[in-house]
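Novice: Below you'll find the structure I mean.
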2 protein chains.
Amino acid sequence: MQASATAEQEAPSARQQAVLDAVLGLMVEDGEQVTMDAVARRASCSKETLYKWFGDRDGLLTATVRWQASRVHAGHDAAQVLDGATLRERLQDFAVTWLEVITGPTSVALNRIAIAHAGSRKSNLGGIVLANGRFAIGERVKPVLEAGRAAGLLTFADSEAAFRTFFGLVGRDIQIRLLLGETLDLDGAEIRRDAGRAVEQFLALYGRAKPDPNHRS
Amino acid sequence: MQASATAEQEAPSARQQAVLDAVLGLMVEDGEQVTMDAVARRASCSKETLYKWFGDRDGLLTATVRWQASRVHAGHDAAQVLDGATLRERLQDFAVTWLEVITGPTSVALNRIAIAHAGSRKSNLGGIVLANGRFAIGERVKPVLEAGRAAGLLTFADSEAAFRTFFGLVGRDIQIRLLLGETLDLDGAEIRRDAGRAVEQFLALYGRAKPDPNHRS
DNA sequence: TAGAGGGCGTACCGTACGGTACGGTACGCC
DNA sequence: GGCGTACCGTACCGTACGGTACGCCCTCTA
């Protein structure tokens with residue numbers, strides 16, 4: 001009983017990636033029709049191969065979540081010295097990226113699956129989604145906030161609390177509305193506007209000095 | 001084929017309410033074991049009766065969501081004249097109530113079911129949950145915000161946008177984390193503290209005057 | 001050319017679950 | 001008492017789906 005891409009963290013082969021993409025496609029089309037038969041048909045592979053590679057259905061779903069998560073991570077490392085314009089720009093980038101992710105159909109479908117699964121203890125899809133979504137971005141934003149504090153641009157005691165406020169200002173009710181089936185389709189311009197508003201509000205709450213209107217990028 | 005409490009809005013009888021409470025109980029215990037057999041066993045009724053009363057499984061779930069929604073609504077009407085302390089207090093009330101709702105196990109279970117269901121078009125559970133959750137509270141908060149604006153305490157152009165910011169400041173990442181299976185259990189004190197912070201942040205963003213530190217309730 | 005192995009397609013099995021049918025019982029009404 | 005109604009409990013049916021088994025093809029190696 002060898003489960004290649006499940007218990008082991010081995011990166012999936014190209015063929016396996018194609019299978020996982022097929023799963024994602026089915027999830028986006030209709031989260032409830034992700035059946036082993038449907039996956040096999042869609043990916044043009046045999047069910048036996050699915051079980052050989054992923055162990056069982058849960059393993060397949062887990063591998064899919066991991067696979068999607070592995071693609072989301074991207075983004076530059078922190079510049080150590082921050083001025084006000086750079087800080088604003090970095091936060092804007094995070095906000096835009098985050099909004100693009102959570103409004104994407106793949107994210108919505110994946111979160112739906114993970115949430116449905118979270119109801120019954122087995123196989124921690126929700127934990128994986130959280131670790132690669134909300135917590136991953138937290139770990140990337142907090143250093144920026146702390147650099148901003150070090151540069152005297154921000155003031156806060158607890159970077160985790162500051163980040164959670166930022167998270168709330170950016171996401172607001174968008175994710176829950178999408179998850180519950182509302183169709184919001186935000187275009188890029190609207191996302192940038194929303195992100196900008198959130199950043200300004202965050203800076204209004206946590207900025208040490210009033211934002212300098214002469215010093216826009 | 002008469003479906004008493006489904007297509008029709010008729011309030012469920014006492015016996016039917018007991019059945020719906022059984023459904024809620026099963027949902028909280030394990031969202032996936034809400035099977036018609038399990039409901040019948042739990043509620044000590046026959047499956048035939050379930051189908052007679054609710055039509056089919058979707059009807060039963062819909063009736064359950066409506067039944068729970070009908071219990072959540074509560075809360076005083078708006079006082080027309082607002083001073084700063086009253087406004088702060090009203091907002092605090094809303095924030096506490098909302099946090100208590102979304103952190104409750106029933107709400108988490110119900111939202112999970114509705115979200116899982118939202119993946120496939122049939123039977124709009126997500127819409128019902130949204131209408132009775134996020135939108136219902138919005139319709140109750142916005143008049144308060146507008147009264148605050150009329151009293152010169154707040155300044156904003158769009159009450160919907162202002163409410164969404166309030167919503168984000170209150171909820172932050174709490175709901176998505178709970179839905180994805182994290183166990184956060186906030187106690188009453190923490191909820192009040194969170195709510196207070198959110199209200200202060202909201203007033204800092206939208207208040208016309210700086211909050212008067214001498215004038216706390 | 002022959003053998004081996006990986007993988008596709010498909011048939012198959014067991015079970016769980018949605019939905020229906022039916023016998024039995026309690027209760028109200030004539 | 002006799003009848004209808006409402007409901008419980010349970011047996012039953014059909015199907016969908018997770019999981020397994022097996023035959024065939026294709027490719028790679030010697």
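Order determines the names: the first chain of the structure tokens is A, the second B, and so forth; residues in each chain are numbered 1 upward, and ligands are numbered 1 upward as they are shown.
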Could you list, as a ChimeraX atom specification, the residues of chain A having an atom within 10 Å of chain B when counting only C-alpha atoms?
Specialist: /A:27-33,108-109,111-121,124-130,134,163-182,197-198,200-202,204-206
Novice: I want to know what sits within 10 Å of segment 11-27 of chain D, based on only C-alpha atoms (C1' of nucleotides), with residues of the same chain fewer than 6 positions away left out; could you give that as a list in words?
Specialist: Thr35, Met36, Asp37, Lys47, Glu48, Tyr51, Asp56 and Arg57 of chain A; DG5, DG6, DG7, DC8, DG9, DT10, DA11, DC12, DC13, DG14, DT15, DA16, DC17, DG18, DG19, DT20, DA21 and DC22 of chain C
Novice: Please provide as a VMD selection string all residues within 12 Å of DG24 of chain C, with the sequence filter that same-chain residues fewer than 4 positions apart are discarded (counting only C-alpha atoms (C1' of nucleotides)).
Specialist: chain D and resid 7 to 10
Novice: For the residues in the current selection, export N, CA and C atoms (P, O5', C5', C4', C3', O3' and C1' of nucleotides) as a PDB file, in the first residue's frame.
Specialist:
ATOM      1  P    DC D   7     -49.802  14.140  12.044  1.00  0.00           P
ATOM      2  O5'  DC D   7     -48.922  12.949  12.624  1.00  0.00           O
ATOM      3  C5'  DC D   7     -49.100  12.551  13.966  1.00  0.00           C
ATOM      4  C4'  DC D   7     -48.651  11.123  14.127  1.00  0.00           C
ATOM      5  C3'  DC D   7     -47.230  10.846  13.635  1.00  0.00           C
ATOM      6  O3'  DC D   7     -46.390  10.654  14.757  1.00  0.00           O
ATOM      7  C1'  DC D   7     -48.743   9.059  13.201  1.00  0.00           C
ATOM      8  P    DC D   8     -44.815  10.670  14.600  1.00  0.00           P
ATOM      9  O5'  DC D   8     -44.440   9.174  15.044  1.00  0.00           O
ATOM     10  C5'  DC D   8     -44.914   8.669  16.276  1.00  0.00           C
ATOM     11  C4'  DC D   8     -44.784   7.165  16.295  1.00  0.00           C
ATOM     12  C3'  DC D   8     -43.394   6.657  15.968  1.00  0.00           C
ATOM     13  O3'  DC D   8     -42.941   5.811  17.010  1.00  0.00           O
ATOM     14  C1'  DC D   8     -45.039   5.551  14.626  1.00  0.00           C
ATOM     15  P    DG D   9     -41.357   5.502  17.134  1.00  0.00           P
ATOM     16  O5'  DG D   9     -41.222   4.138  16.323  1.00  0.00           O
ATOM     17  C5'  DG D   9     -41.927   3.004  16.787  1.00  0.00           C
ATOM     18  C4'  DG D   9     -41.839   1.889  15.767  1.00  0.00           C
ATOM     19  C3'  DG D   9     -40.425   1.616  15.254  1.00  0.00           C
ATOM     20  O3'  DG D   9     -40.106   0.262  15.556  1.00  0.00           O
ATOM     21  C1'  DG D   9     -41.980   1.781  13.450  1.00  0.00           C
ATOM     22  P    DT D  10     -38.666  -0.350  15.284  1.00  0.00           P
ATOM     23  O5'  DT D  10     -38.848  -1.116  13.904  1.00  0.00           O
ATOM     24  C5'  DT D  10     -40.104  -1.695  13.612  1.00  0.00           C
ATOM     25  C4'  DT D  10     -40.170  -2.093  12.149  1.00  0.00           C
ATOM     26  C3'  DT D  10     -38.810  -2.408  11.508  1.00  0.00           C
ATOM     27  O3'  DT D  10     -38.934  -3.616  10.799  1.00  0.00           O
ATOM     28  C1'  DT D  10     -40.028  -0.957  10.145  1.00  0.00           C
TER      29       DT D  10
END
Novice: Among segment 25-118 of chain B, which ones does DSSP assign to helix (DSSP H, G or I) (computed from the backbone)? Answer as a VMD selection string.
Specialist: chain B and resid 25 to 29 31 to 33 36 to 43 47 to 54 57 to 72 84 to 103 105 to 118
Novice: Provide as an MDAnalysis selection string the residues of chain B at most 10 Å from chain D, counting only C-alpha atoms (C1' of nucleotides).
Specialist: chainID B and resid 40:41 44:49
Novice: Write a file of the selected residues as a short mmCIF file (atom, residue, chain, number, x, y, z; two decimals), in the first residue's frame, keeping C-alpha atoms.
Specialist:
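Full text of part12.cif as output:
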data_model
loop_
_atom_site.label_atom_id
_atom_site.label_comp_id
_atom_site.auth_asym_id
_atom_site.auth_seq_id
_atom_site.Cartn_x
_atom_site.Cartn_y
_atom_site.Cartn_z
CA ALA B 40 -36.60 10.20 12.35
CA ARG B 41 -34.88 8.23 15.07
CA SER B 44 -39.11 9.71 17.37
CA CYS B 45 -41.17 10.11 14.29
CA SER B 46 -41.54 8.13 11.12
CA LYS B 47 -39.79 8.97 7.90
CA GLU B 48 -43.15 8.97 6.22
CA THR B 49 -44.20 11.83 8.43
#
